[in-house]
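One file, final-v3.cif, carrying mmCIF, C-alpha atoms:
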```cif
data_my_file
loop_
_atom_site.label_atom_id
_atom_site.label_comp_id
_atom_site.auth_asym_id
_atom_site.auth_seq_id
_atom_site.Cartn_x
_atom_site.Cartn_y
_atom_site.Cartn_z
CA MET A 1 164.97 151.84 -21.45
CA ARG A 2 162.46 149.80 -19.46
CA ASN A 3 161.75 151.14 -16.00
CA GLY A 4 163.33 154.46 -16.98
CA LEU A 5 161.70 157.87 -17.07
CA GLY A 6 159.79 157.14 -20.29
CA ASP A 7 158.30 153.96 -18.87
CA THR A 8 157.24 155.72 -15.70
CA LEU A 9 155.59 158.54 -17.64
CA ASN A 10 153.80 156.03 -19.85
CA ARG A 11 152.32 154.39 -16.82
CA LEU A 12 151.26 157.70 -15.35
CA LYS A 13 149.59 158.79 -18.59
CA SER A 14 147.69 155.51 -18.65
CA LEU A 15 146.62 155.98 -15.06
CA ALA A 16 145.43 159.50 -15.77
CA LYS A 17 143.04 158.20 -18.45
CA VAL A 18 140.99 156.27 -15.93
CA GLN A 19 137.69 158.03 -15.37
CA SER A 20 137.00 159.05 -11.85
CA ILE A 21 133.80 159.78 -10.01
CA ARG A 22 133.77 163.42 -9.04
CA PRO A 23 133.57 164.12 -5.33
CA GLY A 24 130.05 165.11 -4.43
CA SER A 25 128.52 163.53 -7.54
CA THR A 26 126.24 160.51 -7.57
CA PRO A 27 128.19 157.34 -8.43
CA LEU A 28 126.96 154.57 -10.69
CA GLY A 29 124.13 153.03 -8.76
CA SER A 30 123.07 154.36 -5.41
CA THR A 31 125.05 155.01 -2.29
CA LYS A 32 124.06 154.28 1.25
CA LEU A 33 126.81 156.37 2.81
CA THR A 34 126.14 159.40 4.99
CA PRO A 35 128.58 162.11 6.13
CA LEU A 36 130.54 161.44 9.28
CA GLY A 37 130.43 165.06 10.37
CA ASP A 38 132.87 166.58 12.84
CA PHE A 39 135.40 164.20 14.29
CA GLY A 40 138.35 166.18 15.67
CA SER A 41 141.13 168.52 14.64
CA ASN A 42 141.53 166.67 11.31
CA PRO A 43 145.14 167.66 10.54
CA GLY A 44 145.07 165.71 7.28
CA ALA A 45 142.00 167.64 6.03
CA LEU A 46 140.13 164.50 5.01
CA THR A 47 136.39 163.89 4.85
CA GLY A 48 134.56 160.88 6.16
CA TRP A 49 131.52 158.80 5.21
CA VAL A 50 129.78 156.07 7.14
CA PHE A 51 127.30 153.26 6.80
CA VAL A 52 125.47 151.98 9.85
CA PRO A 53 123.02 149.15 9.13
CA PRO A 54 119.61 149.32 10.83
CA HIS A 55 120.30 146.26 12.94
CA ALA A 56 123.75 147.32 14.17
CA THR A 57 124.31 146.83 17.88
CA ALA A 58 126.79 148.04 20.46
CA SER A 59 128.91 144.97 19.72
CA SER A 60 128.93 145.48 15.93
CA PRO A 61 132.41 145.44 14.33
CA LEU A 62 133.83 148.42 12.45
CA VAL A 63 135.55 148.14 9.06
CA VAL A 64 137.58 151.13 7.80
CA VAL A 65 137.71 151.18 3.97
CA LEU A 66 140.30 153.28 2.09
CA HIS A 67 139.67 153.98 -1.61
CA GLY A 68 142.36 154.10 -4.32
CA CYS A 69 143.55 156.93 -6.56
CA THR A 70 140.88 158.55 -8.79
CA GLN A 71 138.19 157.05 -6.58
CA THR A 72 135.79 158.35 -3.97
CA ALA A 73 134.33 156.68 -0.92
CA ALA A 74 130.94 156.18 -2.58
CA GLY A 75 132.53 154.96 -5.81
CA TYR A 76 134.67 152.41 -4.01
CA ASP A 77 131.72 151.23 -1.96
CA HIS A 78 129.62 150.82 -5.12
CA GLY A 79 132.37 148.77 -6.78
CA SER A 80 133.43 146.67 -3.82
CA GLY A 81 130.03 145.96 -2.34
CA TRP A 82 131.05 146.62 1.24
CA SER A 83 127.78 148.26 2.27
CA GLU A 84 125.78 145.46 0.63
CA LEU A 85 127.56 142.96 2.83
CA ALA A 86 127.43 145.16 5.93
CA GLU A 87 123.69 145.66 5.61
CA ARG A 88 123.16 141.93 5.47
CA HIS A 89 125.51 141.05 8.30
CA GLY A 90 125.23 143.98 10.66
CA PHE A 91 128.70 145.50 10.78
CA ILE A 92 129.53 149.22 10.55
CA LEU A 93 131.63 150.92 7.85
CA LEU A 94 133.82 154.02 7.87
CA PHE A 95 135.09 155.43 4.56
CA PRO A 96 137.75 158.15 4.93
CA GLU A 97 137.92 160.16 1.71
CA GLN A 98 140.74 162.19 0.14
CA THR A 99 140.17 165.69 -1.26
CA ARG A 100 141.65 167.30 -4.37
CA ALA A 101 143.05 170.07 -2.21
CA ASN A 102 145.32 167.44 -0.66
CA ASN A 103 146.00 165.35 -3.73
CA ALA A 104 144.96 166.17 -7.31
CA ASN A 105 144.24 162.55 -8.13
CA LEU A 106 142.51 161.72 -4.84
CA CYS A 107 145.31 159.45 -3.64
CA PHE A 108 145.96 159.15 0.04
CA ASN A 109 149.45 160.58 0.59
CA TRP A 110 151.13 157.32 1.60
CA PHE A 111 154.56 158.66 0.53
CA GLU A 112 154.50 161.89 2.57
CA PRO A 113 156.27 161.54 5.95
CA GLY A 114 153.99 164.10 7.57
CA ASP A 115 150.92 162.07 6.64
CA THR A 116 152.26 158.65 7.58
CA CYS A 117 153.38 159.03 11.17
CA ARG A 118 151.53 158.33 14.37
CA ASP A 119 149.57 161.34 15.57
CA GLY A 120 150.18 163.39 12.44
CA GLY A 121 148.56 164.32 9.13
CA GLU A 122 146.22 161.97 7.32
CA ALA A 123 147.00 159.06 9.61
CA LEU A 124 145.81 161.02 12.63
CA SER A 125 142.70 162.21 10.78
CA ILE A 126 141.74 158.60 10.12
CA ARG A 127 142.49 157.72 13.73
CA GLN A 128 140.22 160.56 14.88
CA MET A 129 137.44 159.30 12.60
CA ILE A 130 137.71 155.88 14.18
CA ALA A 131 137.58 157.36 17.66
CA ALA A 132 134.42 159.26 16.75
CA MET A 133 132.82 156.07 15.43
CA VAL A 134 133.74 154.13 18.53
CA ASP A 135 132.27 156.82 20.74
CA ARG A 136 129.05 157.25 18.78
CA HIS A 137 128.32 153.56 18.23
CA SER A 138 129.93 151.88 21.24
CA ILE A 139 132.12 149.70 19.02
CA GLY A 140 134.19 147.11 20.82
CA SER A 141 137.90 147.83 20.90
CA THR A 142 138.84 144.35 19.63
CA ARG A 143 136.62 144.37 16.54
CA ILE A 144 138.09 147.16 14.37
CA PHE A 145 139.53 146.29 10.94
CA VAL A 146 141.03 148.24 8.01
CA THR A 147 141.36 147.57 4.28
CA GLY A 148 142.23 149.54 1.15
CA LEU A 149 143.23 149.44 -2.53
CA SER A 150 146.45 150.79 -4.10
CA ALA A 151 147.17 154.13 -2.40
CA GLY A 152 144.46 153.11 0.03
CA GLY A 153 146.27 149.79 0.46
CA ALA A 154 149.50 151.62 1.19
CA MET A 155 147.59 153.80 3.66
CA THR A 156 146.23 150.63 5.23
CA SER A 157 149.86 149.65 5.83
CA VAL A 158 150.38 153.05 7.43
CA MET A 159 147.46 152.65 9.80
CA LEU A 160 148.44 149.12 10.80
CA ALA A 161 151.99 150.26 11.55
CA CYS A 162 151.19 153.53 13.30
CA TYR A 163 148.23 152.23 15.32
CA PRO A 164 148.71 148.45 15.61
CA GLU A 165 146.98 148.34 18.98
CA LEU A 166 143.80 149.65 17.35
CA PHE A 167 143.21 146.97 14.72
CA ALA A 168 142.42 143.29 14.96
CA GLY A 169 143.27 142.82 11.29
CA GLY A 170 144.08 144.53 8.01
CA ALA A 171 143.71 143.64 4.32
CA ILE A 172 146.04 145.29 1.78
CA ILE A 173 144.97 145.14 -1.88
CA ALA A 174 147.59 146.06 -4.54
CA GLY A 175 149.38 148.13 -1.92
CA LEU A 176 152.86 148.70 -0.59
CA PRO A 177 154.62 148.06 2.72
CA TYR A 178 154.80 150.65 5.45
CA GLY A 179 157.66 153.13 5.16
CA ALA A 180 158.51 152.12 1.60
CA ALA A 181 158.72 155.71 0.29
CA ALA A 182 159.30 159.13 1.76
CA SER A 183 159.38 161.19 -1.46
CA VAL A 184 157.90 161.26 -4.97
CA PRO A 185 160.97 159.64 -6.66
CA GLN A 186 160.95 156.88 -4.07
CA ALA A 187 157.24 156.34 -4.62
CA PHE A 188 157.86 155.72 -8.34
CA GLU A 189 160.68 153.30 -7.58
CA ARG A 190 158.73 151.30 -5.04
CA MET A 191 155.65 151.07 -7.27
CA ARG A 192 157.98 149.43 -9.84
CA GLY A 193 159.32 147.13 -7.16
CA GLN A 194 162.72 148.83 -6.93
CA GLY A 195 164.65 149.83 -3.83
CA LEU A 196 162.75 147.81 -1.28
CA VAL A 197 164.65 146.97 1.88
CA SER A 198 165.13 143.64 3.63
CA ASP A 199 162.33 142.08 5.61
CA ALA A 200 164.09 142.77 8.88
CA ALA A 201 164.67 146.43 8.02
CA ALA A 202 161.05 146.78 6.90
CA ALA A 203 159.83 145.25 10.16
CA THR A 204 162.01 147.67 12.11
CA ARG A 205 160.17 150.54 10.44
CA VAL A 206 156.92 149.21 11.83
CA ARG A 207 158.37 148.74 15.29
CA ARG A 208 159.60 152.34 15.30
CA ALA A 209 156.22 153.69 14.19
CA SER A 210 154.69 153.17 17.65
CA THR A 211 155.50 151.82 21.09
CA HIS A 212 153.57 148.61 20.41
CA LEU A 213 155.50 145.45 21.21
CA HIS A 214 153.30 142.40 20.63
CA ASP A 215 149.90 141.06 19.59
CA TRP A 216 150.18 142.42 16.05
CA PRO A 217 147.15 142.66 13.72
CA THR A 218 146.51 139.81 11.32
CA ILE A 219 147.36 140.61 7.69
CA SER A 220 145.63 139.64 4.43
CA VAL A 221 147.47 140.52 1.20
CA TRP A 222 145.82 140.60 -2.24
CA HIS A 223 147.67 141.32 -5.52
CA GLY A 224 147.27 140.59 -9.26
CA THR A 225 150.10 138.90 -11.14
CA ALA A 226 149.53 141.23 -14.14
CA ASP A 227 149.53 144.45 -12.12
CA MET A 228 151.49 147.03 -14.13
CA THR A 229 150.86 149.91 -11.75
CA VAL A 230 152.12 148.48 -8.47
CA SER A 231 154.53 145.60 -8.95
CA GLN A 232 153.56 142.39 -7.21
CA VAL A 233 157.01 142.43 -5.62
CA ASN A 234 155.34 144.72 -3.11
CA ALA A 235 153.06 141.89 -2.00
CA ASP A 236 156.15 139.85 -1.13
CA ALA A 237 157.57 142.85 0.73
CA ILE A 238 154.41 143.31 2.79
CA ILE A 239 154.41 139.65 3.73
CA GLY A 240 158.09 139.82 4.66
CA GLN A 241 157.57 142.90 6.79
CA TRP A 242 154.81 141.33 8.83
CA ARG A 243 156.24 137.82 8.83
CA ASP A 244 159.17 139.13 10.82
CA LEU A 245 156.85 140.91 13.25
CA HIS A 246 154.65 137.87 13.78
CA GLY A 247 157.68 135.60 14.10
CA VAL A 248 156.36 133.06 11.62
CA ALA A 249 158.32 130.84 9.26
CA ASP A 250 159.68 132.00 5.92
CA GLU A 251 157.64 129.40 4.06
CA PRO A 252 153.84 129.25 4.39
CA ASP A 253 152.25 126.60 6.54
CA ARG A 254 149.33 126.16 4.17
CA GLU A 255 148.99 126.38 0.41
CA ASP A 256 145.72 125.79 -1.42
CA ARG A 257 143.46 127.34 -4.03
CA VAL A 258 140.38 129.43 -3.33
CA ASP A 259 137.94 130.09 -6.17
CA GLY A 260 140.71 128.84 -8.46
CA PHE A 261 143.43 131.21 -7.21
CA PRO A 262 146.57 130.49 -5.16
CA HIS A 263 146.19 131.12 -1.45
CA ARG A 264 148.90 130.82 1.21
CA ALA A 265 148.83 131.17 4.97
CA TRP A 266 151.36 131.54 7.76
CA LEU A 267 150.44 130.30 11.24
CA ASP A 268 151.63 131.66 14.57
CA ASP A 269 152.72 129.57 17.55
CA CYS A 270 149.10 129.05 18.57
CA GLY A 271 148.16 127.65 15.17
CA ARG A 272 146.21 130.73 14.13
CA VAL A 273 146.52 132.35 10.69
CA ALA A 274 148.65 135.44 11.24
CA ILE A 275 149.26 136.28 7.57
CA GLU A 276 147.54 135.15 4.40
CA GLU A 277 148.02 135.94 0.71
CA TYR A 278 145.79 135.74 -2.36
CA ARG A 279 147.78 136.03 -5.61
CA ILE A 280 145.20 136.64 -8.36
CA THR A 281 146.58 135.06 -11.55
CA GLY A 282 146.32 137.30 -14.61
CA MET A 283 144.64 140.19 -12.80
CA GLY A 284 145.79 143.77 -13.33
CA HIS A 285 145.65 146.66 -10.89
CA GLY A 286 142.48 146.70 -8.86
CA THR A 287 140.21 145.07 -6.35
CA PRO A 288 139.12 141.53 -7.24
CA LEU A 289 135.37 140.99 -7.48
CA ALA A 290 132.83 138.27 -8.17
CA THR A 291 129.64 140.03 -9.27
CA ALA A 292 127.64 137.21 -10.90
CA GLY A 293 125.11 134.85 -9.40
CA ASP A 294 123.07 134.86 -6.25
CA ASP A 295 126.15 135.65 -4.19
CA GLY A 296 127.42 138.34 -6.60
CA LEU A 297 128.74 141.40 -4.86
CA GLY A 298 129.79 144.84 -6.11
CA ALA A 299 130.12 146.18 -9.66
CA ALA A 300 132.88 146.19 -12.27
CA ILE A 301 134.07 149.78 -12.74
CA PRO A 302 137.59 151.18 -13.26
CA HIS A 303 140.03 149.41 -10.94
CA MET A 304 137.25 147.15 -9.65
CA LEU A 305 137.86 143.93 -11.56
CA ASP A 306 135.39 141.07 -11.95
CA VAL A 307 137.72 138.07 -11.94
CA GLY A 308 135.59 135.49 -10.14
CA ILE A 309 136.71 135.98 -6.55
CA SER A 310 135.27 138.52 -4.15
CA SER A 311 137.98 140.00 -1.98
CA THR A 312 135.30 141.86 -0.04
CA ARG A 313 133.46 138.70 0.90
CA HIS A 314 136.60 136.68 1.67
CA ILE A 315 138.11 139.47 3.77
CA ALA A 316 134.92 139.86 5.77
CA ALA A 317 134.66 136.11 6.29
CA GLY A 318 138.26 135.90 7.40
CA TRP A 319 137.55 138.53 10.03
CA GLY A 320 134.52 136.63 11.27
CA LEU A 321 132.05 139.29 10.13
CA LEU A 322 129.60 137.11 8.21
CA ASP A 323 126.53 136.19 10.19
CA THR A 324 126.01 132.50 9.42
CA ARG A 325 122.52 132.68 10.83
CA ALA A 326 121.60 135.23 8.15
CA ARG A 327 123.21 133.32 5.26
CA SER A 328 124.87 130.02 6.08
CA ALA A 329 126.07 129.50 2.48
CA GLU A 330 127.55 133.01 2.12
CA LEU A 331 131.10 131.76 1.79
CA ARG A 332 133.30 128.92 2.85
CA PRO A 333 136.57 130.67 3.74
CA ALA A 334 139.66 128.57 3.11
CA SER A 335 141.40 129.65 6.28
CA PRO A 336 139.64 132.22 8.46
CA LEU A 337 141.79 134.85 10.08
CA PRO A 338 141.29 135.02 13.83
CA GLN A 339 140.00 138.09 15.54
CA ARG A 340 142.43 139.47 18.03
CA GLY A 341 140.71 139.25 21.35
CA ASP A 342 137.56 137.44 20.55
CA THR A 343 145.25 148.40 -15.58
CA ARG A 344 150.70 152.12 -22.49
CA ALA A 345 150.34 155.28 -24.06
CA THR A 346 153.22 156.80 -26.05
CA VAL A 347 154.65 159.90 -24.43
CA PRO A 348 156.15 162.46 -26.86
CA ARG A 349 159.84 163.10 -26.32
CA PRO A 350 160.33 166.56 -24.80
CA THR A 351 162.60 168.77 -26.91
CA SER A 352 163.95 170.99 -24.15
CA ALA A 353 164.82 170.96 -20.50
CA HIS A 354 161.74 173.08 -19.85
CA GLY A 355 159.64 170.57 -21.78
CA ILE A 356 161.01 167.69 -19.76
CA GLN A 357 160.22 169.43 -16.51
CA ALA A 358 156.72 170.33 -17.64
CA THR A 359 156.04 166.76 -18.74
CA ILE A 360 157.26 165.33 -15.47
CA GLU A 361 155.21 167.73 -13.40
CA ALA A 362 152.06 167.08 -15.44
CA ALA A 363 152.54 163.35 -15.04
CA LEU A 364 153.18 163.65 -11.33
CA ARG A 365 150.00 165.65 -10.83
CA SER A 366 147.92 163.29 -12.92
CA ALA A 367 149.12 160.36 -10.82
CA GLY A 368 148.42 162.19 -7.61
CA LEU A 369 152.06 162.29 -6.60
CA MET A 370 152.47 166.04 -6.67
CA ARG A 371 150.22 168.64 -5.15
#
```

Could I get this structure in the form of structure tokens?
Amino acid sequence: MRNGLGDTLNRLKSLAKVQSIRPGSTPLGSTKLTPLGDFGSNPGALTGWVFVPPHATASSPLVVVLHGCTQTAAGYDHGSGWSELAERHGFILLFPEQTRANNANLCFNWFEPGDTCRDGGEALSIRQMIAAMVDRHSIGSTRIFVTGLSAGGAMTSVMLACYPELFAGGAIIAGLPYGAAASVPQAFERMRGQGLVSDAAAATRVRRASTHLHDWPTISVWHGTADMTVSQVNADAIIGQWRDLHGVADEPDREDRVDGFPHRAWLDDCGRVAIEEYRITGMGHGTPLATAGDDGLGAAIPHMLDVGISSTRHIAAGWGLLDTRARSAELRPASPLPQRGDTRATVPRPTSAHGIQATIEAALRSAGLMR
């Protein structure tokens, strides 16, 4: 039966076949990242990597980038092209990185309550990394942004909900809304688009995650219409969660096409873009890239998909990070976001209860949903 146990296991087996870059190994191409070093108590036991361009200044923005399952910080940077863009335009990057001791498939634990609450677990580790970067590089408090893919996208939702006062904006790529799952079974259901709550209930989860009351971060949502790993229903759920918080209309105020793909935007009472969405027609599970030509950025590797639109470049432009003096033709963003304050395998049928359990556990571990 579709969406039953067999379908879920098929998806997990497919996911497990994706090659990963081993932590500590050299990724395809070169990496410009350096270790963050000590940054606090680190209750989530994460590691951190940074990129600081030579011409960074005390007013340089900070972008926090969260990789997806099976990926590393350096691998995601190589694919997405974030450090290429940062070097050209002078903003600073922080790449939190998962460890296999925490998650066998290098997924951030977006479904574990202890890792997704304010001042606890992985969320607090990332917050401590940001604090260390702010202290070491005198980063302005209104120019901090966060983005991520898949599990990293879901963790981006976590950070935006738990620390909304910290971020001017967030970009969620093939992710899930905050609070969607609090267990492994729920994580499977939500990834298939099942069991999601109403927009109002989802927004309440964000409100309860901190004491923050207003001036919410801007939100950019990216999702492929052919994503078979995380249902695109989750993109709608993210938009609904934040639409309620921003108090914007149900229907978008703007609809257009950017690089040939549908783009929608919701405006707040001041006419600023509070939420935007890029729905990438025909794209599977991954980060959308445009690697060809003079403006090509990043590299096509597993879950980094060359579809003719660079999410990295558009996200950075929407946050006002592209230095037009350095490259005036870098990108013409369709609707810039304001800165606040300035990819089926057949699974054999188990023949016993023990076989079923073993198959489930193996699949869970391979998908990073069981430690």

Chain and number of each residue from the PyMOL selection byres ((chain A and resi 121-127) around 7), as a ChimeraX atom specification: /A:42-44,46,96,114-120,128-131,159

Spatial neighbours of segment 279-290 of chain A, 8 Å, all atoms listed in the file, chain gap at least 6 places, as a compact mmCIF listing (two decimals) with C-alpha atoms, in the frame of the given file:
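Saved the output as selection-v9.txt:
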```txt
# COMPACT_ATOMS: atom_id res chain seq x y z
CA SER A 80 133.43 146.67 -3.82
CA LEU A 149 143.23 149.44 -2.53
CA SER A 150 146.45 150.79 -4.10
CA ILE A 173 144.97 145.14 -1.88
CA ALA A 174 147.59 146.06 -4.54
CA TRP A 222 145.82 140.60 -2.24
CA HIS A 223 147.67 141.32 -5.52
CA GLY A 224 147.27 140.59 -9.26
CA THR A 225 150.10 138.90 -11.14
CA ALA A 226 149.53 141.23 -14.14
CA ASP A 227 149.53 144.45 -12.12
CA MET A 228 151.49 147.03 -14.13
CA THR A 229 150.86 149.91 -11.75
CA VAL A 230 152.12 148.48 -8.47
CA PHE A 261 143.43 131.21 -7.21
CA PRO A 262 146.57 130.49 -5.16
CA HIS A 263 146.19 131.12 -1.45
CA GLY A 296 127.42 138.34 -6.60
CA LEU A 297 128.74 141.40 -4.86
CA GLY A 298 129.79 144.84 -6.11
CA ALA A 299 130.12 146.18 -9.66
CA ALA A 300 132.88 146.19 -12.27
CA PRO A 302 137.59 151.18 -13.26
CA HIS A 303 140.03 149.41 -10.94
CA MET A 304 137.25 147.15 -9.65
CA LEU A 305 137.86 143.93 -11.56
CA ASP A 306 135.39 141.07 -11.95
CA VAL A 307 137.72 138.07 -11.94
CA GLY A 308 135.59 135.49 -10.14
CA ILE A 309 136.71 135.98 -6.55
CA SER A 310 135.27 138.52 -4.15
CA SER A 311 137.98 140.00 -1.98
CA THR A 312 135.30 141.86 -0.04
CA THR A 343 145.25 148.40 -15.58
```

Residue nearest Met133 of chain A among A:Asp199, A:Phe51, A:Ala154, A:His214 (counting all atoms listed in the file): A:Phe51

Protein, DNA and RNA residues within 12 Å of (148.4, 146.7, 4.1), only C-alpha atoms, as a ChimeraX atom specification: /A:65-66,110,145-162,164,167,169-180,206,217-223,234-242,275-277

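Picture a line from atom CA of Leu267 of chain A to atom CA of Trp216 of chain A; it runs 13.0 Å.
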
Interatomic distance, atom CA of Gly79 of chain A to atom CA of Ala45 of chain A (Å, one decimal):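 So the two atoms, atom CA of Gly79 of chain A and atom CA of Ala45 of chain A, lie 24.8 Å apart.
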
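Among the candidates A:Val248, A:Leu85, A:Phe188, A:Ile301, the residue lying nearest to Gln71 of chain A is A:Ile301 (atoms considered: all atoms listed in the file).
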
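Taking atom CA of Ala132 of chain A and atom CA of Phe108 of chain A as endpoints, the distance between them is 20.3 Å.
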
Which of A:Glu255, A:Gly48, A:Thr70, A:Val233 sits closest to Gly193 of chain A [using all atoms listed in the file]: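 Of A:Glu255, A:Gly48, A:Thr70, A:Val233, the one nearest Gly193 of chain A, counting all atoms listed in the file, is A:Val233.
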
Nearest to Ser183 of chain A, chosen from A:Ala249, A:Arg88, A:Glu112, A:Val64, with all atoms listed in the file counted in the distances: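 Of A:Ala249, A:Arg88, A:Glu112, A:Val64, the one nearest Ser183 of chain A, counting all atoms listed in the file, is A:Glu112.
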
Pick from A:Val50, A:Thr57, A:Gly271, A:Tyr76 nearest to Leu93 of chain A, counting only C-alpha atoms: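 Under the stated criterion, the closest residue is A:Val50.
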
Test item: which residues lie within 10 Å of (129.5, 146.1, 9.2) counting only C-alpha atoms, as number ranges by chain: A: 51-53, 55-56, 60-64, 82-94, 316, 321-322

Distance criterion (only C-alpha atoms): nearest to Val184 of chain A out of A:Thr72, A:Leu106, A:Thr291, A:Pro113: A:Pro113
